[in-house]
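> Contents of coords.csv (CSV, C-alpha atoms and all ligand atoms) are below:
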chain,number,residue,atom,x,y,z
A,1,MET,CA,149.6,-56.8,57.0
A,2,SER,CA,148.2,-53.5,55.8
A,3,ASP,CA,144.5,-52.7,56.1
A,4,SER,CA,143.9,-53.4,52.4
A,5,ASN,CA,145.1,-57.0,52.9
A,6,LEU,CA,142.1,-57.6,55.0
A,7,LEU,CA,139.6,-57.0,52.3
A,8,THR,CA,138.3,-60.2,50.6
A,9,VAL,CA,136.9,-60.2,47.1
A,10,GLN,CA,133.4,-60.9,48.4
A,11,GLN,CA,133.5,-57.7,50.6
A,12,HIS,CA,135.0,-55.8,47.7
A,13,ILE,CA,132.3,-56.9,45.3
A,14,LEU,CA,129.6,-55.9,47.7
A,15,ARG,CA,131.2,-52.4,47.9
A,16,GLU,CA,131.5,-52.2,44.1
A,17,GLN,CA,127.9,-53.3,43.7
A,18,LEU,CA,126.7,-50.1,45.4
A,19,ARG,CA,127.7,-48.4,42.2
A,20,PHE,CA,124.9,-50.2,40.3
A,21,SER,CA,121.5,-48.6,40.5
A,22,GLY,CA,118.9,-50.8,42.1
A,23,ALA,CA,121.7,-53.2,43.5
A,24,SER,CA,120.0,-56.1,45.1
A,25,GLY,CA,122.9,-58.4,45.9
A,26,GLU,CA,122.3,-60.7,43.0
A,27,PHE,CA,125.4,-59.4,41.1
A,28,SER,CA,127.7,-60.1,44.0
A,29,PHE,CA,126.1,-63.6,44.3
A,30,LEU,CA,126.8,-64.1,40.6
A,31,LEU,CA,130.4,-63.1,41.0
A,32,SER,CA,130.7,-65.4,44.0
A,33,GLY,CA,129.8,-68.3,41.7
A,34,ILE,CA,132.8,-67.4,39.6
A,35,THR,CA,135.2,-67.1,42.5
A,36,LEU,CA,133.9,-70.4,43.9
A,37,ALA,CA,134.4,-72.2,40.6
A,38,THR,CA,137.9,-70.8,40.2
A,39,LYS,CA,138.8,-72.1,43.7
A,40,ILE,CA,137.6,-75.6,42.6
A,41,ILE,CA,139.7,-75.3,39.4
A,42,GLN,CA,142.8,-74.1,41.2
A,43,ALA,CA,142.5,-77.0,43.6
A,44,GLN,CA,142.5,-79.4,40.6
A,45,VAL,CA,145.4,-77.5,38.9
A,46,ARG,CA,147.5,-77.6,42.1
A,47,ARG,CA,147.0,-81.4,42.4
A,48,ALA,CA,147.4,-82.1,38.7
A,49,GLY,CA,150.4,-84.4,39.1
A,50,LEU,CA,148.7,-86.4,41.9
A,51,VAL,CA,145.3,-87.2,40.6
A,52,ASP,CA,144.2,-88.3,37.2
A,53,VAL,CA,143.5,-84.9,35.6
A,54,LEU,CA,146.4,-84.6,33.3
A,55,GLY,CA,146.4,-85.3,29.6
A,56,GLU,CA,143.8,-85.5,26.9
A,57,HIS,CA,140.1,-86.0,27.5
A,58,GLY,CA,139.7,-87.7,24.1
A,59,GLU,CA,137.3,-85.3,22.5
A,60,VAL,CA,137.7,-82.4,20.2
A,61,ASN,CA,136.0,-79.1,21.1
A,62,VAL,CA,134.2,-76.7,18.8
A,63,GLN,CA,137.5,-75.0,17.9
A,64,GLY,CA,138.7,-78.3,16.5
A,65,GLU,CA,141.2,-78.5,19.4
A,66,ILE,CA,141.8,-81.6,21.6
A,67,GLN,CA,140.2,-81.1,24.9
A,68,GLN,CA,142.4,-81.7,28.0
A,69,LYS,CA,140.8,-83.3,31.0
A,70,LEU,CA,141.3,-80.1,32.9
A,71,ASP,CA,139.4,-78.1,30.2
A,72,VAL,CA,136.4,-80.3,30.8
A,73,ILE,CA,136.7,-80.2,34.6
A,74,ALA,CA,137.1,-76.4,34.6
A,75,ASN,CA,134.1,-76.0,32.3
A,76,GLU,CA,131.9,-78.2,34.5
A,77,ALA,CA,132.9,-76.3,37.6
A,78,ILE,CA,131.9,-73.0,36.2
A,79,VAL,CA,128.7,-74.2,34.5
A,80,GLN,CA,127.6,-75.8,37.8
A,81,ALA,CA,128.5,-72.9,40.0
A,82,LEU,CA,126.7,-70.4,37.7
A,83,THR,CA,123.6,-72.5,37.0
A,84,SER,CA,122.7,-72.1,40.6
A,85,ARG,CA,122.7,-68.3,40.3
A,86,ALA,CA,119.2,-67.1,39.4
A,87,SER,CA,120.5,-63.9,37.9
A,88,VAL,CA,122.3,-65.9,35.1
A,89,GLY,CA,120.1,-66.4,32.0
A,90,VAL,CA,122.7,-67.5,29.5
A,91,LEU,CA,126.2,-69.1,29.6
A,92,ALA,CA,128.6,-69.4,26.7
A,93,SER,CA,131.9,-71.3,27.0
A,94,GLU,CA,134.8,-72.0,24.8
A,95,GLU,CA,134.1,-75.7,25.4
A,96,ASN,CA,130.5,-75.6,24.3
A,97,GLU,CA,129.4,-75.0,20.7
A,98,GLU,CA,126.2,-73.3,21.6
A,99,ALA,CA,125.2,-70.7,24.2
A,100,MET,CA,123.3,-72.4,27.0
A,101,ILE,CA,120.0,-71.1,28.4
A,102,VAL,CA,120.3,-71.5,32.2
A,103,HIS,CA,117.1,-69.9,33.5
A,104,LYS,CA,114.4,-69.9,31.0
A,105,GLY,CA,111.7,-67.4,31.5
A,106,ASP,CA,113.0,-66.2,34.8
A,107,LYS,CA,112.5,-62.5,35.3
A,108,GLU,CA,115.6,-62.2,37.6
A,109,ALA,CA,117.8,-63.8,34.9
A,110,LYS,CA,119.4,-60.7,33.4
A,111,TYR,CA,123.0,-61.5,32.9
A,112,ALA,CA,125.0,-63.6,30.4
A,113,VAL,CA,128.4,-64.9,31.4
A,114,VAL,CA,130.9,-65.8,28.6
A,115,PHE,CA,134.1,-67.6,29.6
A,116,ASP,CA,137.2,-69.6,28.7
A,117,PRO,CA,137.3,-72.1,31.6
A,118,LEU,CA,140.9,-73.0,31.1
A,119,ASP,CA,143.2,-70.8,29.1
A,120,GLY,CA,146.6,-72.1,28.1
A,121,SER,CA,145.8,-75.7,27.9
A,122,SER,CA,149.1,-76.6,26.2
A,123,ASN,CA,150.8,-75.6,29.4
A,124,ILE,CA,148.8,-77.8,31.8
A,125,ASP,CA,151.0,-80.9,31.6
A,126,VAL,CA,154.2,-79.0,32.2
A,127,ASN,CA,153.4,-77.0,35.3
A,128,VAL,CA,153.3,-73.6,33.6
A,129,SER,CA,150.7,-71.0,34.4
A,130,VAL,CA,147.2,-71.3,33.1
A,131,GLY,CA,144.0,-69.3,33.7
A,132,THR,CA,140.3,-68.6,33.4
A,133,THR,CA,138.7,-65.6,31.7
A,134,PHE,CA,135.2,-64.3,32.0
A,135,SER,CA,133.0,-61.5,30.6
A,136,ILE,CA,129.6,-60.5,32.0
A,137,LEU,CA,126.9,-58.9,29.8
A,138,ARG,CA,123.5,-57.6,30.6
A,139,ARG,CA,120.5,-59.1,28.7
A,140,PRO,CA,119.7,-56.6,25.9
A,141,ASP,CA,116.2,-55.1,26.2
A,142,ASP,CA,115.0,-56.9,23.1
A,143,ALA,CA,116.5,-60.3,23.7
A,144,SER,CA,114.3,-63.1,24.8
A,145,LEU,CA,115.6,-66.3,26.4
A,146,ASP,CA,114.7,-68.2,23.2
A,147,SER,CA,117.7,-66.6,21.4
A,148,PRO,CA,120.6,-66.9,23.8
A,149,GLU,CA,123.0,-65.8,21.0
A,150,ALA,CA,121.5,-62.3,21.1
A,151,TRP,CA,122.6,-62.0,24.8
A,152,VAL,CA,126.2,-62.6,24.1
A,153,LEU,CA,126.7,-61.1,20.6
A,154,GLN,CA,127.3,-57.6,22.0
A,155,PRO,CA,130.4,-55.4,21.6
A,156,GLY,CA,132.9,-55.6,24.4
A,157,SER,CA,132.0,-52.0,25.4
A,158,GLU,CA,128.8,-53.4,26.8
A,159,GLN,CA,130.5,-55.6,29.3
A,160,VAL,CA,129.3,-54.9,32.9
A,161,ALA,CA,132.3,-56.8,34.4
A,162,ALA,CA,135.2,-58.8,33.2
A,163,GLY,CA,138.1,-60.6,34.8
A,164,TYR,CA,140.4,-63.5,34.9
A,165,VAL,CA,142.2,-65.8,37.3
A,166,VAL,CA,145.8,-66.8,36.7
A,167,TYR,CA,146.8,-70.1,38.3
A,168,GLY,CA,150.5,-69.2,38.6
A,169,SER,CA,153.0,-69.4,41.4
A,170,SER,CA,150.1,-68.0,43.3
A,171,THR,CA,146.4,-67.9,42.3
A,172,ILE,CA,145.4,-64.3,41.5
A,173,LEU,CA,142.0,-63.0,40.5
A,174,VAL,CA,141.8,-59.7,38.6
A,175,TYR,CA,138.4,-58.0,37.9
A,176,SER,CA,136.7,-54.8,37.0
A,177,VAL,CA,133.1,-53.6,37.0
A,178,GLY,CA,134.2,-50.5,35.0
A,179,HIS,CA,135.6,-48.6,37.9
A,180,GLY,CA,139.3,-49.5,38.0
A,181,VAL,CA,141.0,-52.9,38.1
A,182,HIS,CA,141.6,-54.8,41.3
A,183,GLY,CA,143.7,-57.9,42.0
A,184,PHE,CA,143.2,-60.5,44.8
A,185,THR,CA,145.5,-63.2,45.8
A,186,LEU,CA,144.1,-66.5,47.0
A,187,ASP,CA,145.3,-67.1,50.6
A,188,PRO,CA,145.5,-70.9,50.7
A,189,ALA,CA,145.5,-70.8,54.5
A,190,ILE,CA,142.0,-69.4,54.7
A,191,GLY,CA,140.6,-70.2,51.2
A,192,ALA,CA,139.8,-66.6,50.4
A,193,TYR,CA,140.8,-64.1,47.7
A,194,VAL,CA,142.4,-61.2,49.6
A,195,LEU,CA,142.9,-57.7,48.0
A,196,SER,CA,146.6,-57.6,47.1
A,197,HIS,CA,146.6,-55.2,44.0
A,198,PRO,CA,144.2,-52.3,44.5
A,199,ASN,CA,143.6,-49.9,41.6
A,200,MET,CA,146.0,-51.6,39.2
A,201,THR,CA,147.4,-49.3,36.5
A,202,MET,CA,149.5,-50.3,33.5
A,203,PRO,CA,152.9,-48.5,33.3
A,204,ASP,CA,153.0,-46.1,30.3
A,205,ARG,CA,155.8,-48.0,28.7
A,206,GLY,CA,157.4,-51.4,29.5
A,207,LYS,CA,160.4,-53.5,28.7
A,208,TYR,CA,158.9,-56.5,27.0
A,209,TYR,CA,157.0,-57.5,23.9
A,210,SER,CA,155.2,-60.8,23.9
A,211,VAL,CA,154.4,-62.7,20.7
A,212,ASN,CA,154.8,-66.3,19.3
A,213,GLU,CA,157.8,-65.5,17.1
A,214,ALA,CA,157.6,-68.9,15.4
A,215,ASN,CA,154.8,-67.3,13.3
A,216,THR,CA,156.6,-64.2,12.1
A,217,ASP,CA,157.0,-65.5,8.5
A,218,SER,CA,153.3,-65.3,8.1
A,219,PHE,CA,152.5,-62.1,10.0
A,220,PRO,CA,151.3,-59.1,8.0
A,221,GLU,CA,154.3,-57.0,7.2
A,222,LYS,CA,153.4,-54.2,9.5
A,223,TYR,CA,153.8,-56.5,12.6
A,224,ASN,CA,157.3,-57.4,11.6
A,225,ARG,CA,158.3,-53.8,11.1
A,226,TYR,CA,156.9,-53.1,14.6
A,227,LEU,CA,158.8,-56.0,16.2
A,228,ALA,CA,162.0,-55.0,14.4
A,229,GLY,CA,161.5,-51.4,15.8
A,230,LEU,CA,161.0,-52.8,19.3
A,231,ARG,CA,164.2,-54.8,19.0
A,232,ASN,CA,166.4,-52.2,17.5
A,233,GLY,CA,165.7,-49.3,19.9
A,234,GLN,CA,163.6,-47.2,17.6
A,235,TYR,CA,161.0,-46.9,20.4
A,236,GLY,CA,163.2,-45.5,23.1
A,237,HIS,CA,165.0,-48.7,24.2
A,238,LYS,CA,165.8,-52.2,23.0
A,239,TYR,CA,163.0,-54.5,24.1
A,240,SER,CA,163.4,-57.9,25.5
A,241,SER,CA,160.8,-60.7,24.9
A,242,ARG,CA,158.7,-62.9,27.1
A,243,TYR,CA,156.1,-65.4,25.8
A,244,ILE,CA,154.4,-68.0,28.0
A,245,GLY,CA,151.7,-69.2,25.6
A,246,SER,CA,148.9,-68.7,28.1
A,247,MET,CA,147.2,-65.4,27.2
A,248,VAL,CA,146.1,-64.9,30.7
A,249,ALA,CA,149.6,-65.1,32.1
A,250,ASP,CA,151.1,-63.1,29.3
A,251,PHE,CA,148.5,-60.4,29.8
A,252,HIS,CA,148.9,-60.4,33.6
A,253,ARG,CA,152.6,-59.6,33.1
A,254,THR,CA,151.8,-56.9,30.6
A,255,LEU,CA,149.2,-55.4,33.0
A,256,LEU,CA,151.8,-55.3,35.9
A,257,LYS,CA,154.9,-54.4,34.0
A,258,GLY,CA,153.7,-52.7,30.8
A,259,GLY,CA,154.8,-53.5,27.3
A,260,VAL,CA,152.8,-55.2,24.6
A,261,PHE,CA,151.2,-58.6,23.9
A,262,LEU,CA,150.3,-59.5,20.3
A,263,TYR,CA,148.5,-62.4,18.6
A,264,PRO,CA,148.5,-61.2,14.9
A,265,PRO,CA,146.8,-62.8,11.9
A,266,THR,CA,148.8,-65.8,10.6
A,267,GLU,CA,148.7,-68.1,7.7
A,268,ASP,CA,146.9,-70.8,9.8
A,269,ASN,CA,144.6,-68.3,11.5
A,270,ALA,CA,143.9,-65.4,9.1
A,271,GLU,CA,141.7,-63.8,11.8
A,272,GLY,CA,144.2,-64.4,14.6
A,273,LYS,CA,143.8,-67.3,17.0
A,274,LEU,CA,142.2,-65.7,20.1
A,275,ARG,CA,138.5,-65.5,20.6
A,276,LEU,CA,136.8,-62.2,20.7
A,277,LEU,CA,134.1,-62.8,23.3
A,278,TYR,CA,135.9,-64.7,26.0
A,279,GLU,CA,139.6,-63.9,25.5
A,280,ALA,CA,140.1,-60.6,23.7
A,281,ASN,CA,137.1,-58.7,25.2
A,282,PRO,CA,137.8,-59.3,28.9
A,283,VAL,CA,141.4,-58.5,28.4
A,284,ALA,CA,140.6,-55.3,26.4
A,285,PHE,CA,138.1,-54.2,29.1
A,286,LEU,CA,140.7,-54.6,31.9
A,287,ALA,CA,143.5,-53.0,29.8
A,288,GLU,CA,141.4,-49.9,29.2
A,289,GLN,CA,140.4,-49.7,32.8
A,290,ALA,CA,144.1,-49.9,33.8
A,291,GLY,CA,145.0,-47.0,31.4
A,292,GLY,CA,146.2,-49.3,28.5
A,293,VAL,CA,144.9,-49.8,25.0
A,294,ALA,CA,143.6,-52.9,23.1
A,295,THR,CA,142.9,-53.2,19.4
A,296,ASP,CA,142.3,-55.8,16.7
A,297,GLY,CA,145.4,-54.4,15.0
A,298,LYS,CA,143.3,-51.6,13.5
A,299,ASN,CA,140.4,-50.6,15.6
A,300,ARG,CA,139.5,-50.5,19.3
A,301,MET,CA,138.7,-54.0,20.4
A,302,LEU,CA,135.7,-53.1,22.5
A,303,ASP,CA,134.0,-51.6,19.4
A,304,VAL,CA,134.2,-54.8,17.4
A,305,ASN,CA,130.7,-56.1,16.6
A,306,PRO,CA,130.6,-59.9,17.1
A,307,THR,CA,128.8,-62.1,14.7
A,308,SER,CA,129.4,-65.5,16.2
A,309,ILE,CA,130.2,-66.9,19.6
A,310,HIS,CA,133.5,-68.4,18.9
A,311,GLN,CA,134.7,-65.7,16.5
A,312,ARG,CA,138.5,-65.2,16.4
A,313,VAL,CA,140.2,-61.8,16.3
A,314,PRO,CA,143.8,-60.5,16.1
A,315,LEU,CA,144.8,-58.9,19.4
A,316,VAL,CA,147.3,-56.2,20.2
A,317,VAL,CA,147.1,-55.0,23.8
A,318,GLY,CA,149.5,-53.1,26.0
A,319,SER,CA,150.7,-49.8,27.4
A,320,LYS,CA,149.8,-46.5,26.0
A,321,ALA,CA,153.2,-45.8,24.5
A,322,GLU,CA,153.7,-49.1,22.8
A,323,MET,CA,150.2,-49.0,21.4
A,324,ALA,CA,150.7,-45.4,20.1
A,325,ASP,CA,153.9,-46.6,18.3
A,326,PHE,CA,152.0,-49.5,16.7
A,327,ALA,CA,149.1,-47.3,15.7
A,328,ALA,CA,151.5,-44.8,14.0
A,329,LEU,CA,152.8,-47.4,11.6
A,330,GLU,CA,151.4,-47.4,8.0
A,331,GLU,CA,149.6,-50.4,6.7
A,401,LIG,P1,143.2,-72.2,25.0
A,401,LIG,O1,144.1,-73.1,25.9
A,401,LIG,O2,142.0,-71.7,25.8
A,401,LIG,O3,142.8,-72.9,23.8
A,401,LIG,O4,144.0,-70.9,24.6
A,401,LIG,C1,145.3,-71.0,24.1
A,401,LIG,C2,145.6,-69.7,23.5
A,401,LIG,C3,146.1,-68.6,24.4
A,401,LIG,O5,146.1,-68.8,25.8
A,401,LIG,C4,147.5,-68.3,24.0
A,401,LIG,O6,147.8,-67.0,24.0
A,401,LIG,C5,147.6,-68.9,22.7
A,401,LIG,O7,146.6,-69.9,22.6
A,401,LIG,C6,148.9,-69.5,22.4
A,401,LIG,O8,148.9,-69.9,21.0
A,401,LIG,P2,150.3,-70.4,20.3
A,401,LIG,O9,150.6,-71.7,20.8
A,401,LIG,O10,149.8,-70.4,18.8
A,401,LIG,O11,151.3,-69.3,20.5
A,402,MN,MN,142.1,-69.6,25.8
A,403,MN,MN,140.5,-72.7,27.0
Transcribe the structure of this file into structure tokens.
Ligand code: AHG
Ligand code: MN
Ligand code: MN

Amino acid sequence: MSDSNLLTVQQHILREQLRFSGASGEFSFLLSGITLATKIIQAQVRRAGLVDVLGEHGEVNVQGEIQQKLDVIANEAIVQALTSRASVGVLASEENEEAMIVHKGDKEAKYAVVFDPLDGSSNIDVNVSVGTTFSILRRPDDASLDSPEAWVLQPGSEQVAAGYVVYGSSTILVYSVGHGVHGFTLDPAIGAYVLSHPNMTMPDRGKYYSVNEANTDSFPEKYNRYLAGLRNGQYGHKYSSRYIGSMVADFHRTLLKGGVFLYPPTEDNAEGKLRLLYEANPVAFLAEQAGGVATDGKNRMLDVNPTSIHQRVPLVVGSKAEMADFAALEE
């Protein structure tokens, strides 16, 4: 083991927190709520075939999608863990229509946490990687607790921290507070996230593109021109493809190996399928921190002004070189 293997995420967060002026420990306590909840979620994911957590929950969520039992379990784990953190004023989840006020009138309550408790639901039943994403925002000066929406309807550039956990062949947590991206692997023997990927940077160019090719017939034409160019060697080499169908896992590969992940507008989802606040924004924040680029197909993702909590957005994210090639295409 090298020295860096001995640093847990808790110790790392305490160190990162020193970068915040007036740090009081509450931010690290908030993040520890997220790490605790993701350990609970991963324990359920790991036992999914053994206990009764597979399959549909029987309800449809706000997106009109059938909730899986694990969607609900994961949501409850995060809500419970964060409700006990006094610094959290507002929570907003993919699984809840409205933003929730957690600590009303509490002066300490100065953060909002927006999250997708379980990303990649369609992969749960088949033992394929799923994940959790989160984005942390500070209460805007003029926002009162009576309008929780105002806390979360901020552009992604205002995120104070963001991250995800991928429940893959191992459980990995990746986060940033705006000073680089760091990855931690859950050591099941000791139940702690241990630093395994310090200062992650995206390679300048990769080998893979990642997109649901079943939708190509309804992509705007520019996307198909781009994909053809990736395939035919126009951009330096002939690309291969990888697509898992869990954004977190597809992005995690893109972060480590470079390349590009796209969820373009389609006939069914004219604004794309992914959600701005708790899918695209955390991923865009991490991508930029790692030297990559993220757009909505036209503009920088982190500059998009949200108008509703569950707003969808097209997402194109990846290495500098692939993103420059895409940006150079005419509409
Ligand atoms: P969720 O499970 O939270 O609803 O998200 C699923 C998302 C995302 O993870 C993935 O990139 C995308 O849906 C896959 O969609 P397609 O099946 O349309 O490719
Ligand atoms: Mn999702
Ligand atoms: Mn989800």
> Can you check which parts of chain A lie within 7 Å of ligand MN 402 (chain A)? Per residue, the shortest pair of atoms and distance in Å to one decimal, counting only C-alpha atoms and all ligand atoms, sorted by chain and number, as CSV.

residue,atom,partner,partner_atom,distance
A:Asp116,CA,A:MN402,MN,5.7
A:Leu118,CA,A:MN402,MN,6.4
A:Asp119,CA,A:MN402,MN,3.7
A:Gly120,CA,A:MN402,MN,5.6
A:Met247,CA,A:MN402,MN,6.8
A:Leu274,CA,A:MN402,MN,6.9
A:Glu279,CA,A:MN402,MN,6.2
> Restricting it to C-alpha atoms, dump the selection as a PDB file, keeping the file's coordinate frame.

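Just written: result-v8.pdb:
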ATOM      1  CA  ASP A 116     137.200 -69.600  28.700  1.00  0.00           C
ATOM      2  CA  LEU A 118     140.900 -73.000  31.100  1.00  0.00           C
ATOM      3  CA  ASP A 119     143.200 -70.800  29.100  1.00  0.00           C
ATOM      4  CA  GLY A 120     146.600 -72.100  28.100  1.00  0.00           C
ATOM      5  CA  MET A 247     147.200 -65.400  27.200  1.00  0.00           C
ATOM      6  CA  LEU A 274     142.200 -65.700  20.100  1.00  0.00           C
ATOM      7  CA  GLU A 279     139.600 -63.900  25.500  1.00  0.00           C
TER       8      GLU A 279
END
> Please build the interface table for chain A against ligand LIG 401 (chain A) with a cut-off of 8 Å, listing for each qualifying residue the nearest atom pair and the distance in Å to one decimal; count only C-alpha atoms and all ligand atoms, order rows by chain and increasing number, and write it as a Markdown table.

| residue | atom | partner | partner_atom | distance |
| --- | --- | --- | --- | --- |
| A:Glu65 | CA | A:LIG401 | O3 | 7.3 |
| A:Glu94 | CA | A:LIG401 | O2 | 7.3 |
| A:Asp116 | CA | A:LIG401 | O2 | 6.0 |
| A:Pro117 | CA | A:LIG401 | O2 | 7.5 |
| A:Leu118 | CA | A:LIG401 | O2 | 5.6 |
| A:Asp119 | CA | A:LIG401 | O2 | 3.6 |
| A:Gly120 | CA | A:LIG401 | O1 | 3.5 |
| A:Ser121 | CA | A:LIG401 | O1 | 3.7 |
| A:Ser122 | CA | A:LIG401 | O1 | 6.1 |
| A:Asn123 | CA | A:LIG401 | O1 | 8.0 |
| A:Val130 | CA | A:LIG401 | O5 | 7.8 |
| A:Val211 | CA | A:LIG401 | O11 | 7.3 |
| A:Asn212 | CA | A:LIG401 | O11 | 4.8 |
| A:Ile244 | CA | A:LIG401 | O6 | 7.8 |
| A:Gly245 | CA | A:LIG401 | C6 | 4.3 |
| A:Ser246 | CA | A:LIG401 | O5 | 3.6 |
| A:Met247 | CA | A:LIG401 | O6 | 3.6 |
| A:Val248 | CA | A:LIG401 | O5 | 6.3 |
| A:Asp250 | CA | A:LIG401 | O6 | 7.4 |
| A:Tyr263 | CA | A:LIG401 | O6 | 7.1 |
| A:Lys273 | CA | A:LIG401 | O7 | 6.8 |
| A:Leu274 | CA | A:LIG401 | C2 | 6.3 |
> Please check which residues have atoms at most 7 Å from (159.2, -55.4, 31.0) in the file's coordinates, counting only C-alpha atoms, and write them as a PyMOL selection string.
chain A and resi 206-208+257-259
> Between CA of Met301 in chain A and CA of Leu227 in chain A, what is the distance in Å, rounded to a tenth?
20.6 Å
> Residues near range 164-181 of chain A, anyone? I mean within 7 Å using only C-alpha atoms, not counting same-chain ones fewer than 2 positions away, as an MDAnalysis selection string.
chainID A and resid 42 129:134 160:162 183:186 199:200 248:249 286 289:290
> Please provide the set of residues having any atom within 8 Å of Tyr239 in chain A, restricted to only C-alpha atoms, with same-chain residues fewer than 5 positions apart removed, written as an mmCIF file with C-alpha atoms, in the frame of the given file.

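Contents of out-v8.cif, freshly written:
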data_model
loop_
_atom_site.group_PDB
_atom_site.id
_atom_site.type_symbol
_atom_site.label_atom_id
_atom_site.label_comp_id
_atom_site.auth_asym_id
_atom_site.auth_seq_id
_atom_site.Cartn_x
_atom_site.Cartn_y
_atom_site.Cartn_z
ATOM 1 C CA LYS A 207 160.400 -53.500 28.700
ATOM 2 C CA TYR A 208 158.900 -56.500 27.000
ATOM 3 C CA TYR A 209 157.000 -57.500 23.900
ATOM 4 C CA LEU A 230 161.000 -52.800 19.300
ATOM 5 C CA ARG A 231 164.200 -54.800 19.000
ATOM 6 C CA ASN A 232 166.400 -52.200 17.500
ATOM 7 C CA GLY A 233 165.700 -49.300 19.900
#
> Pick the closest to ligand MN 403 (chain A) from A:Gln67, A:Gln17, A:Ser28, A:Gln11: which is it, counting all atoms listed in the file?
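Ranked by minimum distance to ligand MN 403 (chain A), first place goes to A:Gln67.
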> Kindly indicate which residue among A:Gly33, A:His12, A:Ile66, A:Gln311 lies nearest to ligand MN 403 (chain A), using only C-alpha atoms and all ligand atoms for the distances.
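Between A:Gly33, A:His12, A:Ile66, A:Gln311, the residue approaching ligand MN 403 (chain A) most closely is A:Ile66.
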> Taking into account all atoms listed in the file, which residue in the set A:Leu50, A:Leu18, A:Ile41, A:Val72 is nearest to ligand MN 403 (chain A)?
A:Val72
> Would you mind listing what lies within 8 Å of range 30-32 of chain A as a list in words, with all atoms listed in the file counted and same-chain residues fewer than 2 positions away left out?
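The residues satisfying every condition are Gln10, Ile13, Glu26, Phe27, Ser28, Ile34, Thr35, Leu36, Leu82, Arg85, Ser87 and Val88 of chain A.
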> Between A:Ile124, A:Gly105, A:Met100, A:Ser319, single out the one closest to Val53 in chain A, counting only C-alpha atoms.
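Residue with the minimum atom-to-atom distance to Val53 in chain A: A:Ile124.
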> May I have the residues at most 12 Å from (143.5, -70.5, 11.1) in the file's coordinates, counting only C-alpha atoms, as a ChimeraX atom specification?
/A:63-65,215,218,264-275,311-314
> Quick one: of A:Gln159, A:Thr216, A:Thr254, A:Gln154, who's nearest to Pro306 in chain A, counting all atoms listed in the file?
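With all atoms listed in the file as the atom set, the closest residue is A:Gln154.
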> Hey, which of A:Asn61, A:Asn75, A:Asn127, A:Ser147 ends up closest to Gly49 in chain A? Count only C-alpha atoms.
A:Asn127
